[in-house]
Each structure stands twice: as C-alpha cells, then as structure tokens.
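One structure is given below, encoded as structure tokens.
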Amino acid sequence: MYKDITHRFPGFEKFITFGTYYPVNSGISDNLSKSLLDFKNGDENTIQKWGTYVKSLIVASNHLNINNKGNLVRALGHNQLRSSTSDSLGRLEKLLGENSVSKLLSKSRATESLKSLGKNQRTQELNDVYLFSKLNNPKTNNAEINFIIFDDIITTGTTIKAIAAAIKKSFPNAKLYGFTLLETYDSYSETVLDNNGVYNRIFHQTTNPSNDIEDELLDSDEIMDAYMQYSRGDDYSEEDEDLPF
C-alpha cells in the first residue's frame, strides 16, 4: 500500500509515500502517525517493523520500478552535517540492505529546524547547503546512476529537492527516485491513504506487504471531515570511495 506523489517532485522518475501524518494537535487519534513519532524517538521495535515493510516494497517488490540497483541517500537532520548510522534514518537504511552512498552527502552548515518555517523560508534556509561529493572517475560521474533519496516525513518536500539538486550537480545524468514513510496531511489532496490498513500491515502483518498496490485509499468521510475542520498551516514537522554500482 503506497501513494505515488511523483508529481510533487519534478525531475524524479518516481516518488512514493506509505501513509499520511496527522499532527498530535489535529485532534485525530491515528496509530500510524504515532508510530512515526516512535520512529523518530528511536524505538527499536518500530524501526524494525518499518524497515521490514519498506524493504518488502522498495527492495523485494521494486515498487519504485528501478532498473538495476538503487543507491540509497538518506536526508540529514537540521543539526547534522553528515549522515549517521545510529539515528533512526541511519538504522532504517541499514535494515533495507541496499547500497548506501549517504556518506557522499554533507551540509556546509547546521540549519534551522524547518518545522517553524514556511515554504519559502525553508527553500532559502536550504539553498546551496547540501553538497554531494563527486568521484575520481569522470565516466562514473556522468553515468545514469540510480539514487533513492528518502526521509521519514515530508511537508513541503524542500529537503528532498535540495538533496536532489546537490546530487544533480555532481551526477548530472543521475536518475532520481525517492520515498518517505509519511507525508503531512494536505486537505487539498485528492487522495488519502488508509492509515489503519498500513498500520496493520506493518505491525500485525495481516497480509503480505509485498503484494500491496498503489493508492488504496481511505474511504471514511468521518476522519476526512474531522481533519477538514482542523486549521491547517503549511508546516507541521521537520522533515568505500567508489559507488557500489
């Protein structure tokens, strides 16, 4: 179960999300949203469960439709200059078992927490902050390499786009793919994923997640109406030398 949101990321081959995040102050009680907070807080069981689910869809079933291998690039926190394998995203990356090239990604400085910034402010804050190292082989740098950029949550998508721009500077012919665990609820969106179904698949394994399909949508007007009454703002949350081709 996933939602294709490639239209939000020009230049990407495909970008998907697995659910919708409802902020605590929305008044909506949602287990999948709570699991994201547990994920961010480093709960090992939650990270393991999410890792199994994401791996089944991204790696085993290839719902990103990638030819050949994909090279993982995780987003960095606002106070991180380089990737870590000990935080939640780093541990998820290890569980996915794919090729990681996150060590090529860095930031020139620590940035402000994005959750308090509007869309334009976020763009300005991340402008030319992300860097992605080239390799010593010009032929490799110009090859059509697959990169999978991922984060735990997106609101405006500014972080993902900033990382994509940095990759394209060093690898101009790169093919970009991506995913996020959840996307912040958008009342203007035509589709909302069934969070209960996703939660059961992740934490109760009621079905084989590798058989999940795109856009299995929430059919309950009650939760939609409840959230439409919530005063929505633009921003709720943060968001080896050679590549292993």
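A note on labels: chains of the structure tokens are A, B, ... as shown, every chain counts residues from 1, and ligands are counted from 1 in their shown order.
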
Tell me, as an MDAnalysis selection string, which residues lie within 10 Å of Asp4 in chain A, counting only C-alpha atoms; anything in the same chain fewer than 6 positions away does not count. chainID A and resid 14:18 63:64 179 214:215

Judged by only C-alpha atoms, the minimum distance to Asp128 in chain A among A:Gly197, A:Ser61, A:Lys161, A:Lys3 is found for A:Lys161

Write out as a list in words the residues lying within 7 Å of range 84-88 of chain A, counting only C-alpha atoms and excluding same-chain residues fewer than 4 positions away. Phe39, Lys40, Gly42, Ile47 and Leu92 of chain A

May I have the residues from that selection written out with N, CA and C atoms, as a PDB file, in the first residue's frame?
```pdb
ATOM      1  N   PHE A  39       9.217   6.184  15.844  1.00  0.00           N
ATOM      2  CA  PHE A  39      10.355   6.008  14.934  1.00  0.00           C
ATOM      3  C   PHE A  39      11.377   7.120  15.161  1.00  0.00           C
ATOM      4  N   LYS A  40      10.905   8.354  15.173  1.00  0.00           N
ATOM      5  CA  LYS A  40      11.798   9.495  15.373  1.00  0.00           C
ATOM      6  C   LYS A  40      12.492   9.440  16.726  1.00  0.00           C
ATOM      7  N   GLY A  42      13.484   6.827  18.153  1.00  0.00           N
ATOM      8  CA  GLY A  42      14.466   5.744  18.173  1.00  0.00           C
ATOM      9  C   GLY A  42      13.979   4.433  18.739  1.00  0.00           C
ATOM     10  N   ILE A  47      11.309   0.837  14.469  1.00  0.00           N
ATOM     11  CA  ILE A  47      12.252   0.944  13.357  1.00  0.00           C
ATOM     12  C   ILE A  47      12.360  -0.386  12.616  1.00  0.00           C
ATOM     13  N   LEU A  92      17.323   2.580   9.773  1.00  0.00           N
ATOM     14  CA  LEU A  92      16.427   2.122   8.709  1.00  0.00           C
ATOM     15  C   LEU A  92      17.219   1.806   7.453  1.00  0.00           C
TER      16      LEU A  92
END
```

Which parts of range 27-74 of chain A does DSSP call strand (DSSP E or B) when run on the backbone here, written out as a list in words?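 Matching residues, listed in order: Asn71, Leu72, Val73 and Arg74 of chain A.
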
Written file, previous selection with C-alpha atoms, as a compact mmCIF listing (two decimals), in the first residue's frame:
```
# COMPACT_ATOMS: atom_id res chain seq x y z
CA ASN A 71 21.84 3.75 -4.24
CA LEU A 72 20.29 5.00 -1.00
CA VAL A 73 20.74 8.59 0.16
CA ARG A 74 19.11 9.49 3.47
```

Find the residues around Arg122 in chain A up to 10 Å (only C-alpha atoms counted), leave out those fewer than 6 positions away in its own chain, and share them as a list in words. Thr111, Glu112, Ser113, Leu114, Lys115, Ser116, Thr156, Gly157, Thr158, Thr159 and Asp235 of chain A

Output N, CA and C atoms of each residue in that selection to a file, as a tab-separated table (two decimals), in the first residue's frame.
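Okay, part15.tsv is ready:
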```
chain	number	residue	atom	x	y	z
A	111	THR	N	21.52	23.81	10.03
A	111	THR	CA	20.41	24.66	9.61
A	111	THR	C	19.37	24.78	10.71
A	112	GLU	N	18.50	25.73	10.55
A	112	GLU	CA	17.40	25.87	11.49
A	112	GLU	C	16.44	24.70	11.36
A	113	SER	N	15.74	24.40	12.44
A	113	SER	CA	14.68	23.40	12.37
A	113	SER	C	13.61	23.91	11.41
A	114	LEU	N	13.23	23.06	10.46
A	114	LEU	CA	12.32	23.52	9.42
A	114	LEU	C	10.87	23.61	9.87
A	115	LYS	N	10.53	22.95	10.96
A	115	LYS	CA	9.12	22.87	11.35
A	115	LYS	C	8.51	24.23	11.67
A	116	SER	N	9.33	25.21	11.99
A	116	SER	CA	8.81	26.53	12.33
A	116	SER	C	8.87	27.50	11.14
A	156	THR	N	6.62	20.03	2.79
A	156	THR	CA	6.73	20.77	1.53
A	156	THR	C	7.64	20.06	0.52
A	157	GLY	N	8.45	19.11	1.00
A	157	GLY	CA	9.38	18.42	0.10
A	157	GLY	C	10.67	19.18	-0.14
A	158	THR	N	10.89	20.27	0.60
A	158	THR	CA	12.06	21.12	0.37
A	158	THR	C	13.37	20.38	0.58
A	159	THR	N	13.45	19.57	1.63
A	159	THR	CA	14.70	18.85	1.92
A	159	THR	C	15.04	17.88	0.80
A	235	ASP	N	3.05	24.02	7.63
A	235	ASP	CA	4.20	23.34	8.19
A	235	ASP	C	3.87	22.72	9.54
```

Just asking: which residues within range 17-153 of chain A are alpha helix (DSSP H) according to DSSP, as number ranges by chain? A: 31-40, 44-55, 88-96, 119-126, 138-141

Got time to write the residues from that selection, N, CA and C atoms, as a tab-separated table (two decimals), in the first residue's frame?
```
chain	number	residue	atom	x	y	z
A	31	ASN	N	-2.86	5.66	14.84
A	31	ASN	CA	-1.73	4.82	15.27
A	31	ASN	C	-0.53	4.94	14.36
A	32	LEU	N	-0.76	5.10	13.06
A	32	LEU	CA	0.37	5.18	12.13
A	32	LEU	C	1.16	6.47	12.37
A	33	SER	N	0.44	7.56	12.63
A	33	SER	CA	1.12	8.82	12.95
A	33	SER	C	1.90	8.69	14.25
A	34	LYS	N	1.34	8.01	15.22
A	34	LYS	CA	2.05	7.80	16.49
A	34	LYS	C	3.30	6.96	16.27
A	35	SER	N	3.22	6.00	15.34
A	35	SER	CA	4.39	5.15	15.07
A	35	SER	C	5.53	5.97	14.48
A	36	LEU	N	5.20	7.03	13.73
A	36	LEU	CA	6.27	7.89	13.19
A	36	LEU	C	6.99	8.61	14.31
A	37	LEU	N	6.25	9.05	15.32
A	37	LEU	CA	6.88	9.71	16.46
A	37	LEU	C	7.77	8.72	17.22
A	38	ASP	N	7.30	7.47	17.35
A	38	ASP	CA	8.13	6.44	17.99
A	38	ASP	C	9.38	6.18	17.16
A	39	PHE	N	9.22	6.18	15.84
A	39	PHE	CA	10.35	6.01	14.93
A	39	PHE	C	11.38	7.12	15.16
A	40	LYS	N	10.91	8.35	15.17
A	40	LYS	CA	11.80	9.49	15.37
A	40	LYS	C	12.49	9.44	16.73
A	44	GLU	N	13.29	0.86	18.92
A	44	GLU	CA	13.89	-0.19	18.09
A	44	GLU	C	12.85	-1.07	17.40
A	45	ASN	N	11.80	-1.46	18.12
A	45	ASN	CA	10.77	-2.31	17.52
A	45	ASN	C	10.09	-1.59	16.36
A	46	THR	N	9.79	-0.32	16.55
A	46	THR	CA	9.14	0.46	15.48
A	46	THR	C	10.04	0.58	14.26
A	47	ILE	N	11.31	0.84	14.47
A	47	ILE	CA	12.25	0.94	13.36
A	47	ILE	C	12.36	-0.39	12.62
A	48	GLN	N	12.41	-1.48	13.37
A	48	GLN	CA	12.48	-2.81	12.75
A	48	GLN	C	11.24	-3.10	11.91
A	49	LYS	N	10.08	-2.78	12.45
A	49	LYS	CA	8.82	-3.04	11.73
A	49	LYS	C	8.73	-2.20	10.46
A	50	TRP	N	9.07	-0.92	10.58
A	50	TRP	CA	9.06	-0.07	9.40
A	50	TRP	C	10.08	-0.57	8.37
A	51	GLY	N	11.25	-1.00	8.85
A	51	GLY	CA	12.28	-1.50	7.95
A	51	GLY	C	11.82	-2.69	7.15
A	52	THR	N	11.14	-3.62	7.82
A	52	THR	CA	10.63	-4.81	7.13
A	52	THR	C	9.61	-4.43	6.06
A	53	TYR	N	8.73	-3.52	6.42
A	53	TYR	CA	7.68	-3.11	5.48
A	53	TYR	C	8.25	-2.39	4.26
A	54	VAL	N	9.10	-1.41	4.52
A	54	VAL	CA	9.68	-0.64	3.43
A	54	VAL	C	10.53	-1.54	2.52
A	55	LYS	N	11.31	-2.42	3.12
A	55	LYS	CA	12.16	-3.31	2.33
A	55	LYS	C	11.32	-4.19	1.41
A	88	SER	N	17.64	7.16	13.74
A	88	SER	CA	16.54	6.36	13.20
A	88	SER	C	16.66	6.12	11.70
A	89	LEU	N	16.94	7.17	10.93
A	89	LEU	CA	17.07	7.00	9.47
A	89	LEU	C	18.28	6.15	9.12
A	90	GLY	N	19.36	6.31	9.87
A	90	GLY	CA	20.55	5.50	9.62
A	90	GLY	C	20.30	4.03	9.89
A	91	ARG	N	19.56	3.74	10.94
A	91	ARG	CA	19.23	2.35	11.27
A	91	ARG	C	18.27	1.75	10.24
A	92	LEU	N	17.32	2.58	9.77
A	92	LEU	CA	16.43	2.12	8.71
A	92	LEU	C	17.22	1.81	7.45
A	93	GLU	N	18.16	2.66	7.12
A	93	GLU	CA	18.99	2.46	5.93
A	93	GLU	C	19.73	1.12	5.99
A	94	LYS	N	20.26	0.81	7.16
A	94	LYS	CA	20.97	-0.47	7.33
A	94	LYS	C	20.03	-1.65	7.16
A	95	LEU	N	18.80	-1.52	7.66
A	95	LEU	CA	17.82	-2.61	7.55
A	95	LEU	C	17.40	-2.88	6.11
A	96	LEU	N	17.42	-1.84	5.29
A	96	LEU	CA	17.00	-2.01	3.90
A	96	LEU	C	17.98	-2.87	3.12
A	119	LYS	N	7.15	27.66	3.61
A	119	LYS	CA	7.75	27.03	2.43
A	119	LYS	C	8.89	27.85	1.86
A	120	ASN	N	8.67	29.14	1.65
A	120	ASN	CA	9.73	29.99	1.08
A	120	ASN	C	10.92	30.10	2.01
A	121	GLN	N	10.66	30.17	3.31
A	121	GLN	CA	11.74	30.24	4.29
A	121	GLN	C	12.56	28.95	4.27
A	122	ARG	N	11.90	27.84	4.12
A	122	ARG	CA	12.60	26.55	4.06
A	122	ARG	C	13.53	26.51	2.85
A	123	THR	N	13.01	26.97	1.72
A	123	THR	CA	13.82	26.97	0.50
A	123	THR	C	15.06	27.85	0.68
A	124	GLN	N	14.88	29.01	1.27
A	124	GLN	CA	16.02	29.91	1.49
A	124	GLN	C	17.01	29.31	2.48
A	125	GLU	N	16.49	28.65	3.51
A	125	GLU	CA	17.36	28.09	4.54
A	125	GLU	C	18.24	26.97	3.99
A	126	LEU	N	17.72	26.21	3.03
A	126	LEU	CA	18.47	25.07	2.49
A	126	LEU	C	19.17	25.37	1.17
A	138	PRO	N	35.57	10.43	-13.94
A	138	PRO	CA	34.62	11.28	-14.68
A	138	PRO	C	33.56	10.46	-15.42
A	139	LYS	N	33.92	9.28	-15.89
A	139	LYS	CA	32.96	8.44	-16.60
A	139	LYS	C	31.82	8.04	-15.67
A	140	THR	N	32.17	7.69	-14.44
A	140	THR	CA	31.14	7.32	-13.46
A	140	THR	C	30.28	8.51	-13.11
A	141	ASN	N	30.90	9.66	-12.96
A	141	ASN	CA	30.15	10.87	-12.59
A	141	ASN	C	29.11	11.25	-13.64
```

Using only C-alpha atoms, which of A:Ala60, A:Ala75, A:Ala165, A:Ile28 sits nearest Val101 in chain A? A:Ala75

Just give me the gap between CA of Ala110 in chain A and CA of Ala164 in chain A in Å, one decimal is fine. 18.3 Å

Set the distance at 12 Å and use only C-alpha atoms: which residues neighbour Phe132 in chain A once local chain neighbours fewer than 2 positions away are removed? I'd like the list as an NGL selection string. :A and (73-75 or 81-83 or 101-108 or 128-130 or 134-135 or 141 or 147 or 162-172)

Length of the CA of Tyr2 in chain A to CA of Gln80 in chain A vector [Å]: 28.8 Å

Among listed residues A:Ile160, A:Ile148, A:Leu182, A:Val198, nearest Asn62 in chain A (using only C-alpha atoms):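 Checking each candidate against Asn62 in chain A, we get A:Ile148 as the closest.
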